[in-house]
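What follows is a set of notes on a single structure, which appears directly below.
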Amino acid sequence: MNTSPASTKPSSGQTEETESTILLVEDEPVVREVTRAVLEHAGYRVLECNGPEEALRVGSEHRGHIGLLLSDVVMPGMNGPELALQLQSLQPGLITVFMSGYAESFVLRKVMHGGMTNYIQKPFTINVLLSRVAAALRTRAEVSEAALCLSAR
């Protein structure tokens, strides 16, 4: 697991979204390594995990806030949606983006039917990855801001 901050620091013009910590869970080493490198190059801090068990350990031990879970859907031991539910109890407000190479997966159909639209079909381009991650983090920031406004009333 790589928990080091990104080697490319966000410039002063970048938003807080690109300073977010992303928990990346992918059991395919090459996909995980390339995805981590792309995200770090874009300025994100990445906690890299090779599967659900490691992700649950990292999620419970990590002292800071995790802004986004980027998880494969189909993995040994536990699928991505099950992992997301467990991690949300450890990291309230955690936003998830799922990725899958199995367009016809039963689990994927359940995720899409359940209204979870943060999804990337593998293989994906760098632009698709970065735009979906940024959009998910923006949504999270907007929800958090709205919650603060309501609590101030």
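Labeling convention for the structure tokens: chains A, B, ... as they appear, residues from 1 per chain, ligands from 1 in order of appearance.
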Legend entry - Backbone-only DSSP, strand (DSSP E or B) members of range 62-112 of chain A, as an MDAnalysis selection string: chainID A and resid 68:72 95:100
Save the residues we just selected, N, CA and C atoms, as a PDB file, in the first residue's frame?
```
ATOM      1  N   LEU A  68     -12.952   9.987  -0.854  1.00  0.00           N
ATOM      2  CA  LEU A  68     -13.567   9.206  -1.915  1.00  0.00           C
ATOM      3  C   LEU A  68     -13.058   7.776  -1.878  1.00  0.00           C
ATOM      4  N   LEU A  69     -13.953   6.842  -2.091  1.00  0.00           N
ATOM      5  CA  LEU A  69     -13.610   5.440  -2.310  1.00  0.00           C
ATOM      6  C   LEU A  69     -13.717   5.185  -3.797  1.00  0.00           C
ATOM      7  N   LEU A  70     -12.637   4.742  -4.407  1.00  0.00           N
ATOM      8  CA  LEU A  70     -12.617   4.334  -5.812  1.00  0.00           C
ATOM      9  C   LEU A  70     -12.377   2.840  -5.795  1.00  0.00           C
ATOM     10  N   SER A  71     -13.421   2.065  -6.085  1.00  0.00           N
ATOM     11  CA  SER A  71     -13.354   0.622  -5.876  1.00  0.00           C
ATOM     12  C   SER A  71     -13.821  -0.180  -7.076  1.00  0.00           C
ATOM     13  N   ASP A  72     -13.109  -1.276  -7.311  1.00  0.00           N
ATOM     14  CA  ASP A  72     -13.564  -2.270  -8.264  1.00  0.00           C
ATOM     15  C   ASP A  72     -14.886  -2.833  -7.739  1.00  0.00           C
ATOM     16  N   ILE A  95     -17.995   9.184  -0.274  1.00  0.00           N
ATOM     17  CA  ILE A  95     -18.538   9.078  -1.632  1.00  0.00           C
ATOM     18  C   ILE A  95     -17.797   7.942  -2.327  1.00  0.00           C
ATOM     19  N   THR A  96     -18.507   7.196  -3.182  1.00  0.00           N
ATOM     20  CA  THR A  96     -17.901   6.061  -3.872  1.00  0.00           C
ATOM     21  C   THR A  96     -18.053   6.189  -5.374  1.00  0.00           C
ATOM     22  N   VAL A  97     -16.979   5.858  -6.067  1.00  0.00           N
ATOM     23  CA  VAL A  97     -17.010   5.682  -7.513  1.00  0.00           C
ATOM     24  C   VAL A  97     -16.598   4.243  -7.766  1.00  0.00           C
ATOM     25  N   PHE A  98     -17.472   3.492  -8.448  1.00  0.00           N
ATOM     26  CA  PHE A  98     -17.170   2.100  -8.763  1.00  0.00           C
ATOM     27  C   PHE A  98     -16.571   1.999 -10.155  1.00  0.00           C
ATOM     28  N   MET A  99     -15.722   0.992 -10.334  1.00  0.00           N
ATOM     29  CA  MET A  99     -15.167   0.689 -11.650  1.00  0.00           C
ATOM     30  C   MET A  99     -15.313  -0.805 -11.882  1.00  0.00           C
ATOM     31  N   SER A 100     -15.594  -1.175 -13.137  1.00  0.00           N
ATOM     32  CA  SER A 100     -15.745  -2.583 -13.455  1.00  0.00           C
ATOM     33  C   SER A 100     -15.496  -2.832 -14.930  1.00  0.00           C
TER      34      SER A 100
END
```
Inset, instruction - Please provide the set of residues having any atom within 10 Å of Val25 in chain A, restricted to only C-alpha atoms, with same-chain residues fewer than 2 positions apart removed, written as a list in words. - result: Ile22, Leu23, Asp27, Glu28, Arg32, Arg36, Leu47, Glu48, Cys49, Asn50, Gly51, Pro52, Glu53, Glu54, Ala55, Leu69, Leu70, Ser71, Asp72, Val73, Met75, Gly80, Leu83, Phe98 and Met99 of chain A
Those residues with N, CA and C atoms, as a PDB file, in the first residue's frame please?
```pdb
ATOM      1  N   ILE A  22      -7.958   9.716  -1.521  1.00  0.00           N
ATOM      2  CA  ILE A  22      -8.759   8.704  -2.209  1.00  0.00           C
ATOM      3  C   ILE A  22      -8.302   7.333  -1.755  1.00  0.00           C
ATOM      4  N   LEU A  23      -9.257   6.504  -1.361  1.00  0.00           N
ATOM      5  CA  LEU A  23      -8.978   5.107  -1.041  1.00  0.00           C
ATOM      6  C   LEU A  23      -9.241   4.304  -2.307  1.00  0.00           C
ATOM      7  N   ASP A  27      -8.036  -5.171  -7.141  1.00  0.00           N
ATOM      8  CA  ASP A  27      -7.277  -6.409  -6.960  1.00  0.00           C
ATOM      9  C   ASP A  27      -6.345  -6.727  -8.130  1.00  0.00           C
ATOM     10  N   GLU A  28      -6.450  -6.002  -9.212  1.00  0.00           N
ATOM     11  CA  GLU A  28      -5.586  -6.218 -10.380  1.00  0.00           C
ATOM     12  C   GLU A  28      -4.394  -5.256 -10.265  1.00  0.00           C
ATOM     13  N   ARG A  32      -4.377  -1.108 -10.662  1.00  0.00           N
ATOM     14  CA  ARG A  32      -4.222  -0.349  -9.417  1.00  0.00           C
ATOM     15  C   ARG A  32      -3.034   0.615  -9.502  1.00  0.00           C
ATOM     16  N   ARG A  36      -3.383   4.641  -9.543  1.00  0.00           N
ATOM     17  CA  ARG A  36      -2.736   5.409  -8.475  1.00  0.00           C
ATOM     18  C   ARG A  36      -1.832   6.481  -9.059  1.00  0.00           C
ATOM     19  N   LEU A  47      -4.503   6.270  -1.004  1.00  0.00           N
ATOM     20  CA  LEU A  47      -4.279   5.114  -0.142  1.00  0.00           C
ATOM     21  C   LEU A  47      -4.613   3.908  -0.996  1.00  0.00           C
ATOM     22  N   GLU A  48      -3.614   3.123  -1.329  1.00  0.00           N
ATOM     23  CA  GLU A  48      -3.756   2.031  -2.298  1.00  0.00           C
ATOM     24  C   GLU A  48      -3.936   0.699  -1.582  1.00  0.00           C
ATOM     25  N   CYS A  49      -5.001  -0.029  -1.930  1.00  0.00           N
ATOM     26  CA  CYS A  49      -5.292  -1.325  -1.313  1.00  0.00           C
ATOM     27  C   CYS A  49      -5.549  -2.367  -2.390  1.00  0.00           C
ATOM     28  N   ASN A  50      -5.089  -3.602  -2.119  1.00  0.00           N
ATOM     29  CA  ASN A  50      -5.243  -4.666  -3.111  1.00  0.00           C
ATOM     30  C   ASN A  50      -6.529  -5.463  -2.958  1.00  0.00           C
ATOM     31  N   GLY A  51      -7.361  -5.127  -2.008  1.00  0.00           N
ATOM     32  CA  GLY A  51      -8.620  -5.837  -1.842  1.00  0.00           C
ATOM     33  C   GLY A  51      -9.418  -5.295  -0.672  1.00  0.00           C
ATOM     34  N   PRO A  52     -10.625  -5.811  -0.495  1.00  0.00           N
ATOM     35  CA  PRO A  52     -11.540  -5.324   0.533  1.00  0.00           C
ATOM     36  C   PRO A  52     -11.003  -5.446   1.964  1.00  0.00           C
ATOM     37  N   GLU A  53     -10.349  -6.554   2.276  1.00  0.00           N
ATOM     38  CA  GLU A  53      -9.850  -6.746   3.643  1.00  0.00           C
ATOM     39  C   GLU A  53      -8.848  -5.657   4.019  1.00  0.00           C
ATOM     40  N   GLU A  54      -7.910  -5.397   3.119  1.00  0.00           N
ATOM     41  CA  GLU A  54      -6.924  -4.344   3.366  1.00  0.00           C
ATOM     42  C   GLU A  54      -7.599  -2.973   3.433  1.00  0.00           C
ATOM     43  N   ALA A  55      -8.592  -2.740   2.589  1.00  0.00           N
ATOM     44  CA  ALA A  55      -9.303  -1.456   2.577  1.00  0.00           C
ATOM     45  C   ALA A  55     -10.027  -1.208   3.903  1.00  0.00           C
ATOM     46  N   LEU A  69     -13.953   6.842  -2.091  1.00  0.00           N
ATOM     47  CA  LEU A  69     -13.610   5.440  -2.310  1.00  0.00           C
ATOM     48  C   LEU A  69     -13.717   5.185  -3.797  1.00  0.00           C
ATOM     49  N   LEU A  70     -12.637   4.742  -4.407  1.00  0.00           N
ATOM     50  CA  LEU A  70     -12.617   4.334  -5.812  1.00  0.00           C
ATOM     51  C   LEU A  70     -12.377   2.840  -5.795  1.00  0.00           C
ATOM     52  N   SER A  71     -13.421   2.065  -6.085  1.00  0.00           N
ATOM     53  CA  SER A  71     -13.354   0.622  -5.876  1.00  0.00           C
ATOM     54  C   SER A  71     -13.821  -0.180  -7.076  1.00  0.00           C
ATOM     55  N   ASP A  72     -13.109  -1.276  -7.311  1.00  0.00           N
ATOM     56  CA  ASP A  72     -13.564  -2.270  -8.264  1.00  0.00           C
ATOM     57  C   ASP A  72     -14.886  -2.833  -7.739  1.00  0.00           C
ATOM     58  N   VAL A  73     -15.729  -3.311  -8.623  1.00  0.00           N
ATOM     59  CA  VAL A  73     -17.008  -3.898  -8.214  1.00  0.00           C
ATOM     60  C   VAL A  73     -16.838  -5.361  -7.848  1.00  0.00           C
ATOM     61  N   MET A  75     -14.568  -8.355  -6.743  1.00  0.00           N
ATOM     62  CA  MET A  75     -13.292  -8.704  -6.113  1.00  0.00           C
ATOM     63  C   MET A  75     -13.492  -9.965  -5.283  1.00  0.00           C
ATOM     64  N   GLY A  80     -17.548  -4.656  -4.301  1.00  0.00           N
ATOM     65  CA  GLY A  80     -17.389  -3.232  -4.055  1.00  0.00           C
ATOM     66  C   GLY A  80     -18.526  -2.579  -3.291  1.00  0.00           C
ATOM     67  N   LEU A  83     -18.311  -3.501   0.342  1.00  0.00           N
ATOM     68  CA  LEU A  83     -17.189  -2.781   0.936  1.00  0.00           C
ATOM     69  C   LEU A  83     -17.570  -1.331   1.211  1.00  0.00           C
ATOM     70  N   PHE A  98     -17.472   3.492  -8.448  1.00  0.00           N
ATOM     71  CA  PHE A  98     -17.170   2.100  -8.763  1.00  0.00           C
ATOM     72  C   PHE A  98     -16.571   1.999 -10.155  1.00  0.00           C
ATOM     73  N   MET A  99     -15.722   0.992 -10.334  1.00  0.00           N
ATOM     74  CA  MET A  99     -15.167   0.689 -11.650  1.00  0.00           C
ATOM     75  C   MET A  99     -15.313  -0.805 -11.882  1.00  0.00           C
TER      76      MET A  99
END
```
Legend entry - Length of the CA of Thr21 in chain A to CA of Gly64 in chain A vector [Å]: 8.5 Å
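Counting from CA of Asn127 in chain A, the distance to CA of Val46 in chain A is 17.6 Å.
Residues within 9 Å of Leu94 in chain A, counting only C-alpha atoms and excluding same-chain residues fewer than 2 positions away, are Ile66, Gly67, Leu68, Leu69, Ala84, Leu87, Gln88, Ser89, Leu90, Gln91, Pro92, Thr96 and Arg140 of chain A.
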What does the file look like for those residues with N, CA and C atoms, as a tab-separated table (two decimals), in the first residue's frame?
```
chain	number	residue	atom	x	y	z
A	66	ILE	N	-11.08	10.48	4.58
A	66	ILE	CA	-11.01	9.91	3.23
A	66	ILE	C	-12.17	10.52	2.45
A	67	GLY	N	-11.84	11.21	1.38
A	67	GLY	CA	-12.86	11.93	0.62
A	67	GLY	C	-13.61	11.07	-0.37
A	68	LEU	N	-12.95	9.99	-0.85
A	68	LEU	CA	-13.57	9.21	-1.91
A	68	LEU	C	-13.06	7.78	-1.88
A	69	LEU	N	-13.95	6.84	-2.09
A	69	LEU	CA	-13.61	5.44	-2.31
A	69	LEU	C	-13.72	5.19	-3.80
A	84	ALA	N	-18.21	-0.69	0.25
A	84	ALA	CA	-18.60	0.71	0.41
A	84	ALA	C	-19.51	0.90	1.63
A	87	LEU	N	-17.38	0.65	4.78
A	87	LEU	CA	-16.49	1.80	4.94
A	87	LEU	C	-17.26	3.06	5.30
A	88	GLN	N	-18.50	3.19	4.84
A	88	GLN	CA	-19.30	4.36	5.17
A	88	GLN	C	-19.59	4.44	6.66
A	89	SER	N	-19.62	3.29	7.34
A	89	SER	CA	-19.80	3.33	8.79
A	89	SER	C	-18.53	3.82	9.49
A	90	LEU	N	-17.37	3.62	8.85
A	90	LEU	CA	-16.10	4.08	9.41
A	90	LEU	C	-15.79	5.52	9.00
A	91	GLN	N	-16.24	5.90	7.82
A	91	GLN	CA	-15.98	7.23	7.26
A	91	GLN	C	-17.32	7.82	6.80
A	92	PRO	N	-18.10	8.38	7.71
A	92	PRO	CA	-19.41	8.93	7.34
A	92	PRO	C	-19.29	9.95	6.21
A	96	THR	N	-18.51	7.20	-3.18
A	96	THR	CA	-17.90	6.06	-3.87
A	96	THR	C	-18.05	6.19	-5.37
A	140	ARG	N	-19.81	15.87	-3.28
A	140	ARG	CA	-19.61	15.72	-1.84
A	140	ARG	C	-19.44	17.08	-1.18
```
